[in-house]
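Please read the structure below before turning to the comments.
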Amino acid sequence: MNRWMLLPLLALLPVLGLAHERDAANDHTIWNKDIAAFEAADQAQPPAPGAVLFIGSSSIRFWTSVASDFPEVRTINRGFGGSEINDSTYFADRIVAPYRPSAIVMYAGDNDIAAGDSPGFVLKEFQGFVRKARAVTPGVPIAFIAIKPSMARKALLPRIREANDKIRDWAATQSGVTYLDIFTPMLGPDGQPQLKWFRPDGLHMNRSGYELWIGIVKPWVDAHGR
């Protein structure tokens, strides 16, 4: 049984009270093709240093309008769908360091929670990304887009909320680390996920969802990009 067949089963672990912190390292090699494609694109058209780097999982990968949504700054999109936070950490030497970004916007953690990671472990993974990103790009400002409340992962909402709260609280103690709250405005009056932000799969966002994100992310990007 491969990793993707396991994900629906792993997603049930928090509901059953069996959430865990995975001790085994992820198989990062499954992303080699994606990372190699980024490197080939960079060789064909080298990006100028100082852009705002958008990095993370499918919500970044499918954000194909990043350049036009943030016209005041130069942007680079390095989202690879299905990835977890530590995948971006692992490949930072190849998809962070070469760009010398002026700022980094990350969306990840969604798949980590779905795979069974505890909220505390998700925080540790984000802290690890911050350390690695700043090791290769000293002092770079980093924004974490809150893990979204999706229809498809409604059962995981309490753990998503807890992970967001932990990251928000930690970011508030750090210099140049910002938590961007898209979680709260995506909820309905009943405090539950809303279908209107999502594609038919209930997980990936439609244009309305991205427009909500832009309104929250753009002030930070405009302030930190160059």
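Simple scheme: letters A, B, ... for chains in structure tokens order, numbers from 1 for residues in each chain, numbers from 1 for ligands in the order shown.
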
Write out as a list of chain:residue names which residues come within 7 Å of range 208-220 of chain A when counting only C-alpha atoms, dropping same-chain ones fewer than 4 positions away.
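Those residues are A:Phe70, A:Leu180, A:Ile182, A:Trp197, A:Phe198, A:His224.
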
Excluding same-chain residues fewer than 5 positions from Arg134 in chain A, what lies within 12 Å of it counting only C-alpha atoms, as a list in words?
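In the requested format, the answer is Thr89, Ala92, Asp93, Val96, Ala97, Arg100, Pro101, Ser102, Ala103, Ile104, Gln127, Gly128, Phe129, Gly139, Val140, Pro141, Ile142, Ser175, Gly176 and Val177 of chain A.
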
Using the selection just defined, write its residues with C-alpha atoms as an mmCIF file, in the first residue's frame.
data_model
loop_
_atom_site.group_PDB
_atom_site.id
_atom_site.type_symbol
_atom_site.label_atom_id
_atom_site.label_comp_id
_atom_site.auth_asym_id
_atom_site.auth_seq_id
_atom_site.Cartn_x
_atom_site.Cartn_y
_atom_site.Cartn_z
ATOM 1 C CA THR A 89 12.761 22.053 4.583
ATOM 2 C CA ALA A 92 15.511 24.287 0.859
ATOM 3 C CA ASP A 93 19.053 24.159 -0.524
ATOM 4 C CA VAL A 96 15.008 28.464 -1.372
ATOM 5 C CA ALA A 97 18.734 29.217 -1.316
ATOM 6 C CA ARG A 100 17.863 34.708 -2.257
ATOM 7 C CA PRO A 101 14.226 35.713 -1.631
ATOM 8 C CA SER A 102 13.306 39.003 -0.026
ATOM 9 C CA ALA A 103 10.492 37.180 1.804
ATOM 10 C CA ILE A 104 8.894 33.728 1.993
ATOM 11 C CA GLN A 127 10.154 25.849 13.316
ATOM 12 C CA GLY A 128 12.544 23.540 11.470
ATOM 13 C CA PHE A 129 11.665 25.191 8.175
ATOM 14 C CA GLY A 139 17.106 37.014 8.340
ATOM 15 C CA VAL A 140 14.508 36.403 5.611
ATOM 16 C CA PRO A 141 10.957 37.400 6.716
ATOM 17 C CA ILE A 142 8.609 34.414 6.692
ATOM 18 C CA SER A 175 11.260 38.455 14.855
ATOM 19 C CA GLY A 176 10.183 38.464 11.229
ATOM 20 C CA VAL A 177 7.815 35.474 11.460
#

Taking the DSSP assignment computed from this structure's backbone, write out as a list in words all residues of range 8-216 of chain A that belong to strand (DSSP E).
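DSSP-assigned strand (DSSP E) residues in range 8-216 of chain A: Val52, Leu53, Phe54, Ile55, Gly56, Thr75, Ile76, Asn77, Arg78, Gly79, Ala103, Ile104, Val105, Met106, Tyr107, Ile142, Ala143, Phe144, Ile145, Val177, Thr178, Tyr179 and Leu180 of chain A.
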
What lies within 8 Å of Phe38 in chain A using only C-alpha atoms, ignoring chain neighbours under 3 positions off, as a ChimeraX atom specification?
/A:34-35,41-42,78,95

Selection to disk with N, CA and C atoms, as a compact mmCIF listing (two decimals), in the first residue's frame:
# COMPACT_ATOMS: atom_id res chain seq x y z
N ASP A 34 9.64 16.73 -9.26
CA ASP A 34 9.11 18.09 -9.14
C ASP A 34 10.24 19.09 -8.93
N ILE A 35 11.18 18.73 -8.05
CA ILE A 35 12.28 19.65 -7.76
C ILE A 35 13.18 19.81 -8.98
N ALA A 41 13.49 24.80 -14.97
CA ALA A 41 12.87 26.10 -15.28
C ALA A 41 13.81 27.24 -14.90
N ASP A 42 14.52 27.08 -13.80
CA ASP A 42 15.46 28.12 -13.37
C ASP A 42 16.64 28.25 -14.34
N ARG A 78 6.87 27.97 -5.84
CA ARG A 78 7.52 26.67 -5.72
C ARG A 78 6.69 25.74 -4.83
N ILE A 95 15.43 24.88 -3.50
CA ILE A 95 14.28 25.71 -3.90
C ILE A 95 14.03 26.88 -2.95

If you run DSSP on the backbone, which residues of range 43-203 of chain A are alpha helix (DSSP H), as a PyMOL selection string?
chain A and resi 43-44+58-61+66-69+85-90+92-95+110-114+119-136+157-171+183-186

Using only C-alpha atoms, the best pick from A:Ala133, A:Ala67, A:Met106, A:Ala114 as closest to Phe91 in chain A would be A:Ala133

12 Å contact set for Arg161 in chain A, only C-alpha atoms, chain neighbours under 5 positions out, as a PDB file with all heavy atoms, in the first residue's frame:
ATOM      1  N   GLY A 109       1.226  22.088   6.046  1.00  0.00           N
ATOM      2  CA  GLY A 109       0.706  21.618   7.324  1.00  0.00           C
ATOM      3  C   GLY A 109      -0.607  20.891   7.175  1.00  0.00           C
ATOM      4  O   GLY A 109      -0.956  20.032   7.998  1.00  0.00           O
ATOM      5  N   ASP A 110      -1.338  21.212   6.118  1.00  0.00           N
ATOM      6  CA  ASP A 110      -2.594  20.555   5.788  1.00  0.00           C
ATOM      7  C   ASP A 110      -2.386  19.036   5.663  1.00  0.00           C
ATOM      8  O   ASP A 110      -3.078  18.223   6.302  1.00  0.00           O
ATOM      9  CB  ASP A 110      -3.085  21.129   4.449  1.00  0.00           C
ATOM     10  CG  ASP A 110      -4.587  21.102   4.291  1.00  0.00           C
ATOM     11  OD1 ASP A 110      -5.216  20.166   4.801  1.00  0.00           O
ATOM     12  OD2 ASP A 110      -5.124  22.004   3.635  1.00  0.00           O
ATOM     13  N   ILE A 113      -1.241  17.207   9.025  1.00  0.00           N
ATOM     14  CA  ILE A 113      -2.351  16.857   9.911  1.00  0.00           C
ATOM     15  C   ILE A 113      -3.113  15.659   9.354  1.00  0.00           C
ATOM     16  O   ILE A 113      -3.461  14.727  10.094  1.00  0.00           O
ATOM     17  CB  ILE A 113      -3.304  18.060  10.094  1.00  0.00           C
ATOM     18  CG1 ILE A 113      -2.609  19.192  10.877  1.00  0.00           C
ATOM     19  CG2 ILE A 113      -4.594  17.630  10.790  1.00  0.00           C
ATOM     20  CD1 ILE A 113      -2.401  18.918  12.345  1.00  0.00           C
ATOM     21  N   SER A 118       0.624  15.342  15.076  1.00  0.00           N
ATOM     22  CA  SER A 118      -0.029  16.129  16.117  1.00  0.00           C
ATOM     23  C   SER A 118       0.187  17.616  15.861  1.00  0.00           C
ATOM     24  O   SER A 118       1.152  18.010  15.187  1.00  0.00           O
ATOM     25  CB  SER A 118       0.545  15.767  17.490  1.00  0.00           C
ATOM     26  OG  SER A 118       1.875  16.262  17.616  1.00  0.00           O
ATOM     27  N   PRO A 119      -0.667  18.483  16.404  1.00  0.00           N
ATOM     28  CA  PRO A 119      -0.457  19.925  16.250  1.00  0.00           C
ATOM     29  C   PRO A 119       0.908  20.380  16.758  1.00  0.00           C
ATOM     30  O   PRO A 119       1.555  21.238  16.140  1.00  0.00           O
ATOM     31  CB  PRO A 119      -1.601  20.527  17.071  1.00  0.00           C
ATOM     32  CG  PRO A 119      -2.694  19.512  16.964  1.00  0.00           C
ATOM     33  CD  PRO A 119      -1.985  18.186  17.015  1.00  0.00           C
ATOM     34  N   GLY A 120       1.364  19.811  17.864  1.00  0.00           N
ATOM     35  CA  GLY A 120       2.672  20.177  18.378  1.00  0.00           C
ATOM     36  C   GLY A 120       3.795  19.800  17.432  1.00  0.00           C
ATOM     37  O   GLY A 120       4.785  20.530  17.298  1.00  0.00           O
ATOM     38  N   VAL A 122       3.483  19.567  14.153  1.00  0.00           N
ATOM     39  CA  VAL A 122       3.398  20.486  13.016  1.00  0.00           C
ATOM     40  C   VAL A 122       4.132  21.780  13.350  1.00  0.00           C
ATOM     41  O   VAL A 122       4.852  22.337  12.509  1.00  0.00           O
ATOM     42  CB  VAL A 122       1.931  20.754  12.638  1.00  0.00           C
ATOM     43  CG1 VAL A 122       1.829  21.845  11.576  1.00  0.00           C
ATOM     44  CG2 VAL A 122       1.274  19.467  12.129  1.00  0.00           C
ATOM     45  N   ALA A 146      -2.251  30.341   7.537  1.00  0.00           N
ATOM     46  CA  ALA A 146      -2.919  29.367   8.403  1.00  0.00           C
ATOM     47  C   ALA A 146      -3.442  28.176   7.606  1.00  0.00           C
ATOM     48  O   ALA A 146      -3.850  28.305   6.448  1.00  0.00           O
ATOM     49  CB  ALA A 146      -4.071  30.042   9.142  1.00  0.00           C
ATOM     50  N   ILE A 147      -3.440  27.019   8.246  1.00  0.00           N
ATOM     51  CA  ILE A 147      -3.998  25.816   7.618  1.00  0.00           C
ATOM     52  C   ILE A 147      -5.495  26.036   7.430  1.00  0.00           C
ATOM     53  O   ILE A 147      -6.208  26.387   8.365  1.00  0.00           O
ATOM     54  CB  ILE A 147      -3.732  24.582   8.480  1.00  0.00           C
ATOM     55  CG1 ILE A 147      -2.224  24.420   8.727  1.00  0.00           C
ATOM     56  CG2 ILE A 147      -4.294  23.326   7.805  1.00  0.00           C
ATOM     57  CD1 ILE A 147      -1.878  23.371   9.770  1.00  0.00           C
ATOM     58  N   LYS A 148      -5.962  25.839   6.232  1.00  0.00           N
ATOM     59  CA  LYS A 148      -7.343  26.182   5.897  1.00  0.00           C
ATOM     60  C   LYS A 148      -8.346  25.168   6.459  1.00  0.00           C
ATOM     61  O   LYS A 148      -8.036  23.996   6.613  1.00  0.00           O
ATOM     62  CB  LYS A 148      -7.507  26.290   4.381  1.00  0.00           C
ATOM     63  CG  LYS A 148      -7.321  24.987   3.616  1.00  0.00           C
ATOM     64  CD  LYS A 148      -7.435  25.222   2.109  1.00  0.00           C
ATOM     65  CE  LYS A 148      -7.311  23.934   1.308  1.00  0.00           C
ATOM     66  NZ  LYS A 148      -5.955  23.343   1.375  1.00  0.00           N
ATOM     67  N   PRO A 149      -9.567  25.618   6.722  1.00  0.00           N
ATOM     68  CA  PRO A 149     -10.639  24.718   7.162  1.00  0.00           C
ATOM     69  C   PRO A 149     -11.410  24.195   5.952  1.00  0.00           C
ATOM     70  O   PRO A 149     -12.348  24.820   5.479  1.00  0.00           O
ATOM     71  CB  PRO A 149     -11.512  25.616   8.038  1.00  0.00           C
ATOM     72  CG  PRO A 149     -11.366  26.985   7.405  1.00  0.00           C
ATOM     73  CD  PRO A 149      -9.984  27.039   6.812  1.00  0.00           C
ATOM     74  N   SER A 150     -10.994  23.069   5.425  1.00  0.00           N
ATOM     75  CA  SER A 150     -11.599  22.564   4.189  1.00  0.00           C
ATOM     76  C   SER A 150     -12.777  21.635   4.467  1.00  0.00           C
ATOM     77  O   SER A 150     -12.876  21.018   5.533  1.00  0.00           O
ATOM     78  CB  SER A 150     -10.558  21.828   3.338  1.00  0.00           C
ATOM     79  OG  SER A 150     -10.133  20.643   3.973  1.00  0.00           O
ATOM     80  N   ARG A 153     -11.681  17.914   4.900  1.00  0.00           N
ATOM     81  CA  ARG A 153     -11.001  17.546   6.142  1.00  0.00           C
ATOM     82  C   ARG A 153     -11.704  18.147   7.354  1.00  0.00           C
ATOM     83  O   ARG A 153     -11.088  18.493   8.355  1.00  0.00           O
ATOM     84  CB  ARG A 153      -9.526  17.950   6.065  1.00  0.00           C
ATOM     85  CG  ARG A 153      -8.789  17.118   5.022  1.00  0.00           C
ATOM     86  CD  ARG A 153      -7.369  17.545   4.763  1.00  0.00           C
ATOM     87  NE  ARG A 153      -6.734  16.581   3.848  1.00  0.00           N
ATOM     88  CZ  ARG A 153      -5.576  16.778   3.242  1.00  0.00           C
ATOM     89  NH1 ARG A 153      -4.896  17.903   3.435  1.00  0.00           N
ATOM     90  NH2 ARG A 153      -5.079  15.857   2.437  1.00  0.00           N
ATOM     91  N   LYS A 154     -13.014  18.201   7.238  1.00  0.00           N
ATOM     92  CA  LYS A 154     -13.830  18.779   8.303  1.00  0.00           C
ATOM     93  C   LYS A 154     -13.639  18.044   9.624  1.00  0.00           C
ATOM     94  O   LYS A 154     -13.632  18.655  10.698  1.00  0.00           O
ATOM     95  CB  LYS A 154     -15.302  18.743   7.878  1.00  0.00           C
ATOM     96  CG  LYS A 154     -16.267  19.462   8.799  1.00  0.00           C
ATOM     97  CD  LYS A 154     -17.667  19.450   8.194  1.00  0.00           C
ATOM     98  CE  LYS A 154     -18.646  20.177   9.105  1.00  0.00           C
ATOM     99  NZ  LYS A 154     -20.016  20.211   8.501  1.00  0.00           N
ATOM    100  N   ALA A 155     -13.465  16.727   9.579  1.00  0.00           N
ATOM    101  CA  ALA A 155     -13.286  15.942  10.793  1.00  0.00           C
ATOM    102  C   ALA A 155     -12.006  16.311  11.531  1.00  0.00           C
ATOM    103  O   ALA A 155     -11.877  16.064  12.732  1.00  0.00           O
ATOM    104  CB  ALA A 155     -13.280  14.447  10.460  1.00  0.00           C
ATOM    105  N   LEU A 156     -11.062  16.907  10.822  1.00  0.00           N
ATOM    106  CA  LEU A 156      -9.777  17.270  11.417  1.00  0.00           C
ATOM    107  C   LEU A 156      -9.762  18.706  11.943  1.00  0.00           C
ATOM    108  O   LEU A 156      -8.718  19.186  12.388  1.00  0.00           O
ATOM    109  CB  LEU A 156      -8.664  17.096  10.377  1.00  0.00           C
ATOM    110  CG  LEU A 156      -8.502  15.699   9.781  1.00  0.00           C
ATOM    111  CD1 LEU A 156      -7.405  15.688   8.730  1.00  0.00           C
ATOM    112  CD2 LEU A 156      -8.210  14.676  10.859  1.00  0.00           C
ATOM    113  N   LYS A 166      -1.003  27.126  17.806  1.00  0.00           N
ATOM    114  CA  LYS A 166       0.382  26.950  18.262  1.00  0.00           C
ATOM    115  C   LYS A 166       1.350  27.745  17.390  1.00  0.00           C
ATOM    116  O   LYS A 166       2.286  28.385  17.901  1.00  0.00           O
ATOM    117  CB  LYS A 166       0.749  25.465  18.269  1.00  0.00           C
ATOM    118  CG  LYS A 166       0.102  24.666  19.391  1.00  0.00           C
ATOM    119  CD  LYS A 166       0.521  23.222  19.361  1.00  0.00           C
ATOM    120  CE  LYS A 166      -0.088  22.439  20.516  1.00  0.00           C
ATOM    121  NZ  LYS A 166       0.381  22.899  21.838  1.00  0.00           N
ATOM    122  N   ILE A 167       1.143  27.694  16.089  1.00  0.00           N
ATOM    123  CA  ILE A 167       2.018  28.439  15.184  1.00  0.00           C
ATOM    124  C   ILE A 167       1.826  29.943  15.370  1.00  0.00           C
ATOM    125  O   ILE A 167       2.793  30.709  15.405  1.00  0.00           O
ATOM    126  CB  ILE A 167       1.780  28.007  13.734  1.00  0.00           C
ATOM    127  CG1 ILE A 167       2.273  26.564  13.541  1.00  0.00           C
ATOM    128  CG2 ILE A 167       2.482  28.954  12.750  1.00  0.00           C
ATOM    129  CD1 ILE A 167       1.929  25.948  12.210  1.00  0.00           C
ATOM    130  N   ARG A 168       0.582  30.379  15.511  1.00  0.00           N
ATOM    131  CA  ARG A 168       0.303  31.810  15.743  1.00  0.00           C
ATOM    132  C   ARG A 168       1.008  32.303  17.003  1.00  0.00           C
ATOM    133  O   ARG A 168       1.663  33.352  16.997  1.00  0.00           O
ATOM    134  CB  ARG A 168      -1.206  32.017  15.874  1.00  0.00           C
ATOM    135  CG  ARG A 168      -1.632  33.462  16.153  1.00  0.00           C
ATOM    136  CD  ARG A 168      -3.017  33.499  16.759  1.00  0.00           C
ATOM    137  NE  ARG A 168      -3.027  32.829  18.058  1.00  0.00           N
ATOM    138  CZ  ARG A 168      -4.107  32.227  18.583  1.00  0.00           C
ATOM    139  NH1 ARG A 168      -5.259  32.220  17.932  1.00  0.00           N
ATOM    140  NH2 ARG A 168      -4.032  31.639  19.772  1.00  0.00           N
ATOM    141  N   ASP A 181      -3.860  34.872   9.235  1.00  0.00           N
ATOM    142  CA  ASP A 181      -5.071  34.126   9.583  1.00  0.00           C
ATOM    143  C   ASP A 181      -6.099  34.134   8.459  1.00  0.00           C
ATOM    144  O   ASP A 181      -6.909  35.054   8.338  1.00  0.00           O
ATOM    145  CB  ASP A 181      -5.685  34.702  10.855  1.00  0.00           C
ATOM    146  CG  ASP A 181      -6.914  33.904  11.306  1.00  0.00           C
ATOM    147  OD1 ASP A 181      -7.064  32.751  10.854  1.00  0.00           O
ATOM    148  OD2 ASP A 181      -7.697  34.429  12.116  1.00  0.00           O
ATOM    149  N   ILE A 182      -6.063  33.089   7.637  1.00  0.00           N
ATOM    150  CA  ILE A 182      -7.136  32.877   6.660  1.00  0.00           C
ATOM    151  C   ILE A 182      -8.157  31.873   7.206  1.00  0.00           C
ATOM    152  O   ILE A 182      -9.234  31.704   6.632  1.00  0.00           O
ATOM    153  CB  ILE A 182      -6.587  32.406   5.298  1.00  0.00           C
ATOM    154  CG1 ILE A 182      -5.735  31.147   5.411  1.00  0.00           C
ATOM    155  CG2 ILE A 182      -5.759  33.534   4.663  1.00  0.00           C
ATOM    156  CD1 ILE A 182      -6.474  29.852   5.497  1.00  0.00           C
ATOM    157  N   PHE A 183      -7.796  31.211   8.315  1.00  0.00           N
ATOM    158  CA  PHE A 183      -8.658  30.182   8.902  1.00  0.00           C
ATOM    159  C   PHE A 183      -9.986  30.765   9.355  1.00  0.00           C
ATOM    160  O   PHE A 183     -11.055  30.294   8.957  1.00  0.00           O
ATOM    161  CB  PHE A 183      -7.928  29.518  10.077  1.00  0.00           C
ATOM    162  CG  PHE A 183      -8.733  28.491  10.822  1.00  0.00           C
ATOM    163  CD1 PHE A 183      -8.768  27.169  10.395  1.00  0.00           C
ATOM    164  CD2 PHE A 183      -9.450  28.838  11.970  1.00  0.00           C
ATOM    165  CE1 PHE A 183      -9.502  26.216  11.090  1.00  0.00           C
ATOM    166  CE2 PHE A 183     -10.193  27.888  12.668  1.00  0.00           C
ATOM    167  CZ  PHE A 183     -10.218  26.571  12.226  1.00  0.00           C
ATOM    168  N   THR A 184      -9.928  31.812  10.172  1.00  0.00           N
ATOM    169  CA  THR A 184     -11.153  32.377  10.750  1.00  0.00           C
ATOM    170  C   THR A 184     -12.117  32.914   9.699  1.00  0.00           C
ATOM    171  O   THR A 184     -13.314  32.580   9.732  1.00  0.00           O
ATOM    172  CB  THR A 184     -10.799  33.473  11.772  1.00  0.00           C
ATOM    173  OG1 THR A 184      -9.917  32.929  12.757  1.00  0.00           O
ATOM    174  CG2 THR A 184     -12.042  34.027  12.442  1.00  0.00           C
ATOM    175  N   LEU A 187     -14.370  30.353   7.793  1.00  0.00           N
ATOM    176  CA  LEU A 187     -15.428  29.646   8.504  1.00  0.00           C
ATOM    177  C   LEU A 187     -16.766  30.356   8.333  1.00  0.00           C
ATOM    178  O   LEU A 187     -16.824  31.569   8.169  1.00  0.00           O
ATOM    179  CB  LEU A 187     -15.098  29.557   9.997  1.00  0.00           C
ATOM    180  CG  LEU A 187     -13.864  28.745  10.385  1.00  0.00           C
ATOM    181  CD1 LEU A 187     -13.580  28.925  11.873  1.00  0.00           C
ATOM    182  CD2 LEU A 187     -14.037  27.269  10.041  1.00  0.00           C
ATOM    183  N   GLY A 191     -19.222  28.350  12.496  1.00  0.00           N
ATOM    184  CA  GLY A 191     -17.885  27.922  12.857  1.00  0.00           C
ATOM    185  C   GLY A 191     -17.381  26.728  12.080  1.00  0.00           C
ATOM    186  O   GLY A 191     -16.369  26.122  12.446  1.00  0.00           O
ATOM    187  N   GLN A 192     -18.055  26.414  10.978  1.00  0.00           N
ATOM    188  CA  GLN A 192     -17.695  25.246  10.174  1.00  0.00           C
ATOM    189  C   GLN A 192     -17.184  25.681   8.790  1.00  0.00           C
ATOM    190  O   GLN A 192     -17.450  26.801   8.340  1.00  0.00           O
ATOM    191  CB  GLN A 192     -18.905  24.336  10.008  1.00  0.00           C
ATOM    192  CG  GLN A 192     -19.391  23.715  11.313  1.00  0.00           C
ATOM    193  CD  GLN A 192     -18.338  22.849  11.976  1.00  0.00           C
ATOM    194  OE1 GLN A 192     -17.768  21.956  11.354  1.00  0.00           O
ATOM    195  NE2 GLN A 192     -18.073  23.121  13.252  1.00  0.00           N
ATOM    196  N   PRO A 193     -16.460  24.792   8.113  1.00  0.00           N
ATOM    197  CA  PRO A 193     -15.999  25.098   6.748  1.00  0.00           C
ATOM    198  C   PRO A 193     -17.162  25.409   5.818  1.00  0.00           C
ATOM    199  O   PRO A 193     -18.281  24.922   6.012  1.00  0.00           O
ATOM    200  CB  PRO A 193     -15.281  23.809   6.324  1.00  0.00           C
ATOM    201  CG  PRO A 193     -14.874  23.154   7.600  1.00  0.00           C
ATOM    202  CD  PRO A 193     -15.966  23.478   8.576  1.00  0.00           C
TER     203      PRO A 193
END

Using only C-alpha atoms, which residue out of A:Ile85, A:Val52, A:His204, A:Ala171 lies closest to Pro71 in chain A?
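Counting only C-alpha atoms, the residue closest to Pro71 in chain A is A:Val52.
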
In Å and to one decimal, CA of Ile145 in chain A is distant from CA of Ala108 in chain A by 7.9 Å

Could you check which of A:Tyr99, A:Tyr90, A:Phe62, A:Phe54 is closest to Glu39 in chain A, using only C-alpha atoms?
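Checking each candidate against Glu39 in chain A, we get A:Tyr99 as the closest.
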
Counting only C-alpha atoms, the option among A:Met151, A:Phe144, A:Arg159, A:Asn77 closest to Leu195 in chain A:
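Closest residue, counting only C-alpha atoms: A:Met151.
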
Of the candidates A:Ile30, A:Phe121, A:Ala152, A:Gly225, which one gets nearest to Asp201 in chain A if we count only C-alpha atoms?
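The shortest atom-to-atom distance to Asp201 in chain A comes from A:Ala152.
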
Find the distance between CA of Pro185 in chain A and CA of Leu203 in chain A and write it in Å to one decimal.
16.4 Å

Just give me the gap between CA of Ala115 in chain A and CA of Asn26 in chain A in Å, one decimal is fine.
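Between CA of Ala115 in chain A and CA of Asn26 in chain A the gap works out to 10.9 Å.
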
Select, from A:Met205, A:Val221, A:Lys33, A:Ser58, the residue with the minimum atom-to-atom distance to Arg74 in chain A, counting only C-alpha atoms.
A:Val221
